[in-house]
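To start, the structure itself, in structure tokens.
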Amino acid sequence: MSKNLRAVGRWLQRRANDVAVLLIGTMFVSFLLQIVFRYVLNQPLGWSEEVTVLCWVWVVLWGAAFILSDREEIRFDIVYGAVPVPARRAFTVISSIALVVLLLISLPATWGYVTFMKREHSAYLHMRFDVLYSIYVIFSVACIVKHLRLAWLALLVRELTEADAAAIVAIDGEPR
Amino acid sequence: MMPSHFALCIIVLVALAILGLPIGLSMIGASVFYLLVSGLDLGTAAEQILNGLFNSYVLLAVPLFILAADLMNTGSLTDRLLKFCLVLVGRFRGGLGHVNVVANIIFAGMSGSAIADAVGIGKVIIGMMTRGNRYPIGYAGAITASAAIIGPIIPPSIPMVIYALVSDTSIGYLFLGGVIPGLMLGVAFMVINSVIARRRNYPVEPPVPLREMPKITLEAFPALMLPVVLLVGIYGGVMTPTEGAAAAAGYALLASSLIYRSLSWKQLYDVLLSSAKSSTSVGMLIAGALVFNYVVTIENIPLSVQHFITGFHLTPIMYLLLVNAILLALGCLLEGSTILLVIVPILIPTAKLLGIDLVHFGVVVVVNIMIGLLTPPFGLLLFVVANMTRQPLMVIVRESAPFIAMAIVVLAIITFVPDTILWLPRVMGYKG
């Protein structure tokens with residue numbers, strides 16, 4: 001990867017982090033406001049529950065799409081960690097391609113479901129549900145791209161040395 | 001004979017997980033595969049995940065409890081707490097070991113995550129214990145990892161929030177049910193620490209002069225007040241546990257920024273980001289479980305398990321023992337939230353049928369899963385502590401063994417004597 005491209009990547013990563021921090025911060029603040037308004041001022045807020053739940057859904061799927069590396073997610077890595085590097089590469093290629101195929105097949109139906117929800121509106125903020133739920137489409141597409149890249153890298157890097165292996169595992173996470 | 005669609009789904013799930021795909025994604029992939037071969041609408045995956053996450057209001061407690069613990073670890077609350085514990089129990093043989101356990105008990109009253117406790121308290125106390133080679137580093141790591149399991153057993157507790165979601169039990173009563181088992185574990189660990197300290201002649205800390213006590217207590221006071229704020233808020237009927245979690249995080253933010261003045265904007269950003277990351281990794285597991293549990297439900301799996309198990313005419317206590325054995329074995333291999341979200345829902349209907357109280361069942365399950373965090377080869381706490389101490393995993397495992405054994409004894413007691421769990425919730429009005 002060229003130097004500029006990597007700089008762009010790092011910049012994008014920081015902005016993606018900003019969004020996650022904003023979401024979790026908004027959730028936190030709305031909760032505090034809700035508590036203050038309900039118990040101190042005795043004036044329950046209607047919108048706060050909706051905002052907090054919304055931030056939760058978005059932070060999970062946004063985070064899974066753009067923040068968390070595959071290696072930071074909860075995995076069952078007893079077998080993966082025990083096999084030699086070429087087998088790991090094969091593991092990654094097989095599992096990533098399988099996931100990509102399954103997500104690609106379900107993408108039209110996912111799109112259908114999310115756009116179908118445009119008729120529904122949230123109770124307090126009257127936001128359209130297709131907008132609120134669009135994060136799942138974003139998440140699906142991001143997952144497809146991420147795992148295509150993982151499979152590609154695992155397939156392509158030949159004659160693995162220990163350092164290469166670490167780099168593969170550490171594509172966008174910490175080396176193990 | 002063609003294997004059933006569900007059997008194929010399980011095969012795909014296990015295969016993807018073993019190949020190293022994150023478990024949440026493996027569950028989503030396997031469920032999509034099931035929908036595909038069964039000819040069902042593929043949009044169901046999106047529907048289950050989105051509606052499930054959207055309607056799981058109680059789960060918001062998870063990121064908030066993570067946030068509260070992170071804020072406390074970033075501010076100097078943990079340090080002050082440890083100083084306070086040193087005054088309380090440092091003067092006994094193996095004093096710093098006791099300090100470790102007591103700090104975890106107090107910390108447990110504000111944090112719901114064992115990993116956060118081990119990292120937060122461990123960072124400071126492992127340094128204290130190993131300074132001048134007073135305690136072997138393996139022992140310091142082992143007692144840190146072991147004591148950290150008390151965190152999610154004494155309220156608040158992230159695993160209990162997840163259990164409440166899958167079992168439809170009251171979070172408030174579950175939390176109360178964990179108090180006595182948590183204290184029992186604390187006492188058990190201190191007994192072990194005393195015995196080992198005497199045998200290996202571990203040092204005694206010089207007693208802190210009495211005139212310094214008020215100052216140290218005062219410094220620790222805002223930190224000590226946090227569990228009080230939280231418990232009074234929830235059990236005074238003032239707040240829901242989720243709001244309690246927000247209040248705890250809010251309090252931790254105020255205490256570390258205003259009272260202790262030890263939190264910068266940069267640190268706040270990092271804490272929020274790390275909380276977002278933890279929320280995502282737990283959330284993805286929940287997302288996967290939402291769609292996978294949908295498959296399990298339309299296949300009527302819990303009912304089949306129930307039929308299968310009732311065929312053996314088990315008594316409730318035999319069933320509990322069986323569940324304990326299964327979960328302890330699984331705990332060696334799987335991460336706790338996975339067990340809670342995937343395995344436990346299958347076990348609950350049978351427990352209900354046998355007349356086992358679901359609060360009792362829940363606390364037993366959570367204690368069991370916490371022990372799983374300590375059992376090799378896949379005890380998460382072992383990895384965290386081995387990483388912190390830069391020791392091989394085996395050193396920590398060997399030193400943890402007596403603590404694990406003691407924790408299993410406590411697990412047996414609370415399994416056989418439901419009152420150890422149910423007494424406190426009943427005093428507070430639980431009608432189970």
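If you're wondering about the labels, chains in the structure tokens are A, B, ... by order shown, residues count from 1 in each chain, ligands from 1 in order shown.
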Determine, using only C-alpha atoms, which residues of chain B have any atom at most 8 Å from an atom of chain A, and tabulate each with its shortest atom pair and distance in Å to one decimal place, rows ordered by chain and then rising number, as a tab-separated table.
```
residue	atom	partner	partner_atom	distance
B:Leu16	CA	A:Ser95	CA	5.6
B:Ala17	CA	A:Phe76	CA	6.0
B:Ile18	CA	A:Val79	CA	6.2
B:Leu19	CA	A:Phe91	CA	5.0
B:Gly20	CA	A:Asp77	CA	5.7
B:Leu21	CA	A:Ser95	CA	6.3
B:Pro22	CA	A:Arg75	CA	4.5
B:Ile23	CA	A:Arg75	CA	5.3
B:Gly24	CA	A:Ile74	CA	7.5
B:Leu25	CA	A:Leu99	CA	7.9
B:Ser26	CA	A:Leu99	CA	7.9
B:Gly29	CA	A:Leu99	CA	5.8
B:Val32	CA	A:Leu102	CA	6.5
B:Phe33	CA	A:Leu102	CA	6.7
B:Asp41	CA	A:Ala109	CA	7.2
B:Leu42	CA	A:Ser106	CA	5.4
B:Gly43	CA	A:Thr110	CA	4.5
B:Thr44	CA	A:Thr110	CA	7.9
B:Ala45	CA	A:Thr110	CA	7.8
B:Ala46	CA	A:Thr110	CA	5.9
B:Glu47	CA	A:Tyr113	CA	7.1
B:Leu50	CA	A:Tyr133	CA	6.9
B:Leu53	CA	A:Val57	CA	5.9
B:Phe54	CA	A:Val53	CA	6.0
B:Asn55	CA	A:Val53	CA	7.8
B:Ser56	CA	A:Val53	CA	7.9
B:Tyr57	CA	A:Val53	CA	6.4
B:Leu60	CA	A:Trp56	CA	6.8
B:Leu64	CA	A:Phe28	CA	7.4
B:Val238	CA	A:Tyr39	CA	7.7
B:Glu243	CA	A:Ile35	CA	6.9
B:Ala246	CA	A:Phe31	CA	6.2
B:Ala247	CA	A:Leu32	CA	6.8
B:Gly250	CA	A:Leu32	CA	7.0
B:Tyr269	CA	A:Val21	CA	6.9
B:Leu272	CA	A:Val21	CA	5.6
B:Leu273	CA	A:Val21	CA	5.3
B:Ser275	CA	A:Ile24	CA	7.9
B:Ala276	CA	A:Ile24	CA	6.3
B:Lys277	CA	A:Leu68	CA	6.5
B:Ser279	CA	A:Val60	CA	6.4
B:Thr280	CA	A:Val60	CA	4.3
B:Ser281	CA	A:Glu73	CA	5.2
B:Val282	CA	A:Ile74	CA	7.8
B:Gly283	CA	A:Val60	CA	5.5
B:Met284	CA	A:Val60	CA	6.6
B:Leu285	CA	A:Ile74	CA	7.5
B:Leu333	CA	A:Phe76	CA	7.8
B:Leu334	CA	A:Phe76	CA	6.9
B:Glu335	CA	A:Ile74	CA	7.7
B:Phe378	CA	A:Ile78	CA	7.6
```
Within 12 Å of Gly141 of chain B using only C-alpha atoms, minus same-chain residues under 2 positions, as an MDAnalysis selection string: chainID B and resid 97 100 118:119 121:130 135:139 143:148 374 381:400 403
Could you write out that same residue set with C-alpha atoms as a PDB file, in the first residue's frame?
```pdb
ATOM      1  CA  GLY B  97      -3.308 -10.783  49.212  1.00  0.00           C
ATOM      2  CA  ASN B 100      -6.457  -7.657  46.768  1.00  0.00           C
ATOM      3  CA  ALA B 118      -8.608  -7.569  36.972  1.00  0.00           C
ATOM      4  CA  VAL B 119      -7.061  -4.883  34.776  1.00  0.00           C
ATOM      5  CA  ILE B 121      -6.985  -3.385  40.355  1.00  0.00           C
ATOM      6  CA  GLY B 122      -4.285  -5.665  38.972  1.00  0.00           C
ATOM      7  CA  LYS B 123      -2.337  -2.819  37.391  1.00  0.00           C
ATOM      8  CA  VAL B 124      -1.703  -1.317  40.812  1.00  0.00           C
ATOM      9  CA  ILE B 125      -1.694  -4.240  43.201  1.00  0.00           C
ATOM     10  CA  ILE B 126       0.500  -6.593  41.194  1.00  0.00           C
ATOM     11  CA  GLY B 127       3.139  -3.866  41.289  1.00  0.00           C
ATOM     12  CA  MET B 128       2.678  -3.454  45.051  1.00  0.00           C
ATOM     13  CA  MET B 129       2.870  -7.195  45.707  1.00  0.00           C
ATOM     14  CA  THR B 130       5.979  -7.871  43.642  1.00  0.00           C
ATOM     15  CA  TYR B 135       5.391 -12.128  46.660  1.00  0.00           C
ATOM     16  CA  PRO B 136       6.171 -14.305  43.643  1.00  0.00           C
ATOM     17  CA  ILE B 137       4.692 -12.686  40.566  1.00  0.00           C
ATOM     18  CA  GLY B 138       2.776 -15.842  39.644  1.00  0.00           C
ATOM     19  CA  TYR B 139       0.941 -15.770  42.964  1.00  0.00           C
ATOM     20  CA  ILE B 143      -4.925 -14.039  43.273  1.00  0.00           C
ATOM     21  CA  THR B 144      -5.694 -10.992  41.107  1.00  0.00           C
ATOM     22  CA  ALA B 145      -7.379 -13.148  38.469  1.00  0.00           C
ATOM     23  CA  SER B 146      -9.253 -15.224  41.060  1.00  0.00           C
ATOM     24  CA  ALA B 147     -10.500 -12.298  43.124  1.00  0.00           C
ATOM     25  CA  ALA B 148     -11.716 -10.557  39.963  1.00  0.00           C
ATOM     26  CA  LEU B 374     -10.238 -19.042  35.372  1.00  0.00           C
ATOM     27  CA  LEU B 381      -8.801 -13.855  33.044  1.00  0.00           C
ATOM     28  CA  LEU B 382      -5.774 -16.133  32.839  1.00  0.00           C
ATOM     29  CA  PHE B 383      -4.800 -14.522  29.547  1.00  0.00           C
ATOM     30  CA  VAL B 384      -5.370 -11.005  30.838  1.00  0.00           C
ATOM     31  CA  VAL B 385      -3.243 -11.576  33.927  1.00  0.00           C
ATOM     32  CA  ALA B 386      -0.538 -13.575  32.131  1.00  0.00           C
ATOM     33  CA  ASN B 387      -0.300 -10.685  29.710  1.00  0.00           C
ATOM     34  CA  MET B 388      -0.097  -8.096  32.496  1.00  0.00           C
ATOM     35  CA  THR B 389       2.552  -9.973  34.450  1.00  0.00           C
ATOM     36  CA  ARG B 390       4.451 -11.190  31.365  1.00  0.00           C
ATOM     37  CA  GLN B 391       4.358 -14.694  32.833  1.00  0.00           C
ATOM     38  CA  PRO B 392       3.703 -17.928  30.962  1.00  0.00           C
ATOM     39  CA  LEU B 393       0.094 -19.020  31.243  1.00  0.00           C
ATOM     40  CA  MET B 394       1.080 -22.184  33.119  1.00  0.00           C
ATOM     41  CA  VAL B 395       2.580 -20.251  36.028  1.00  0.00           C
ATOM     42  CA  ILE B 396      -0.702 -18.419  36.577  1.00  0.00           C
ATOM     43  CA  VAL B 397      -2.715 -21.625  36.120  1.00  0.00           C
ATOM     44  CA  ARG B 398      -0.669 -23.503  38.723  1.00  0.00           C
ATOM     45  CA  GLU B 399      -0.959 -20.738  41.316  1.00  0.00           C
ATOM     46  CA  SER B 400      -4.691 -20.312  40.619  1.00  0.00           C
ATOM     47  CA  PHE B 403      -8.508 -20.667  44.334  1.00  0.00           C
TER      48      PHE B 403
END
```
DSSP alpha helix (DSSP H) residues within segment 7-102 of chain A, listed as number ranges by chain: A: 7-35, 47-62, 78-82, 85-102
Point-to-point distance from atom CA of Val232 of chain B to atom CA of Phe37 of chain A, Å rounded to tenths: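 Atom-to-atom, atom CA of Val232 of chain B and atom CA of Phe37 of chain A are spaced 18.5 Å apart.
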Could you tell me which of B:Ala7, B:Val62, B:Ala197, B:Leu185 comes closest to Ile286 of chain B if we count only C-alpha atoms?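 Selected residue with least distance to Ile286 of chain B: B:Val62.
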If you measure from atom CA of Ala223 of chain B to atom CA of Leu77 of chain B, what distance in Å do you get, rounded to one decimal?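 Value for the atom CA of Ala223 of chain B-atom CA of Leu77 of chain B distance: 5.8 Å.
When only C-alpha atoms are used to compute distances to Arg91 of chain B, the closest of the residues B:Glu212, B:Asp357, B:Glu205, B:Asp270 turns out to be B:Glu205.
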Enter the distance from atom CA of Gly172 of chain B to atom CA of Ile115 of chain B, in Å, rounded to one decimal.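 Between these atoms lies a distance of 22.4 Å.
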Please identify all polymer residues within 8 Å of His5 of chain B, counting only C-alpha atoms, omitting same-chain residues fewer than 5 positions from it, and present them as an mmCIF file with C-alpha atoms, in the first residue's frame.
```cif
data_model
loop_
_atom_site.group_PDB
_atom_site.id
_atom_site.type_symbol
_atom_site.label_atom_id
_atom_site.label_comp_id
_atom_site.auth_asym_id
_atom_site.auth_seq_id
_atom_site.Cartn_x
_atom_site.Cartn_y
_atom_site.Cartn_z
ATOM 1 C CA TYR B 34 -30.253 -22.223 7.695
ATOM 2 C CA VAL B 37 -31.648 -24.214 2.920
ATOM 3 C CA SER B 38 -35.043 -24.040 4.618
#
```
Contact residues around Tyr294 of chain B with only C-alpha atoms at 9 Å, ignoring same-chain residues under 5 positions, as a VMD selection string: chain B and resid 31 45 48 289 299
For the residues in that selection, give me N, CA, C and O atoms as a short mmCIF file (atom, residue, chain, number, x, y, z; two decimals), in the first residue's frame.
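This is the output file result11.cif:
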```cif
data_model
loop_
_atom_site.label_atom_id
_atom_site.label_comp_id
_atom_site.auth_asym_id
_atom_site.auth_seq_id
_atom_site.Cartn_x
_atom_site.Cartn_y
_atom_site.Cartn_z
N SER B 31 -26.91 -18.95 10.61
CA SER B 31 -28.36 -18.75 10.58
C SER B 31 -28.83 -18.39 9.18
O SER B 31 -29.88 -18.87 8.73
N ALA B 45 -32.84 -12.46 9.05
CA ALA B 45 -31.65 -12.22 9.87
C ALA B 45 -31.59 -10.76 10.28
O ALA B 45 -31.45 -10.43 11.46
N GLN B 48 -34.50 -9.94 12.77
CA GLN B 48 -34.29 -10.41 14.14
C GLN B 48 -33.23 -9.59 14.86
O GLN B 48 -33.40 -9.23 16.02
N ALA B 289 -26.52 -14.14 18.52
CA ALA B 289 -27.39 -14.99 19.31
C ALA B 289 -28.86 -14.71 19.02
O ALA B 289 -29.68 -15.63 19.02
N GLU B 299 -37.07 -24.28 15.56
CA GLU B 299 -36.82 -25.72 15.53
C GLU B 299 -37.27 -26.40 16.81
O GLU B 299 -37.10 -27.62 16.96
#
```
Between B:Ile192, B:Val323, B:Ile371, B:Met428, which is the closest to Phe175 of chain B once you count only C-alpha atoms?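 Among the listed residues, the smallest separation from Phe175 of chain B belongs to B:Met428.
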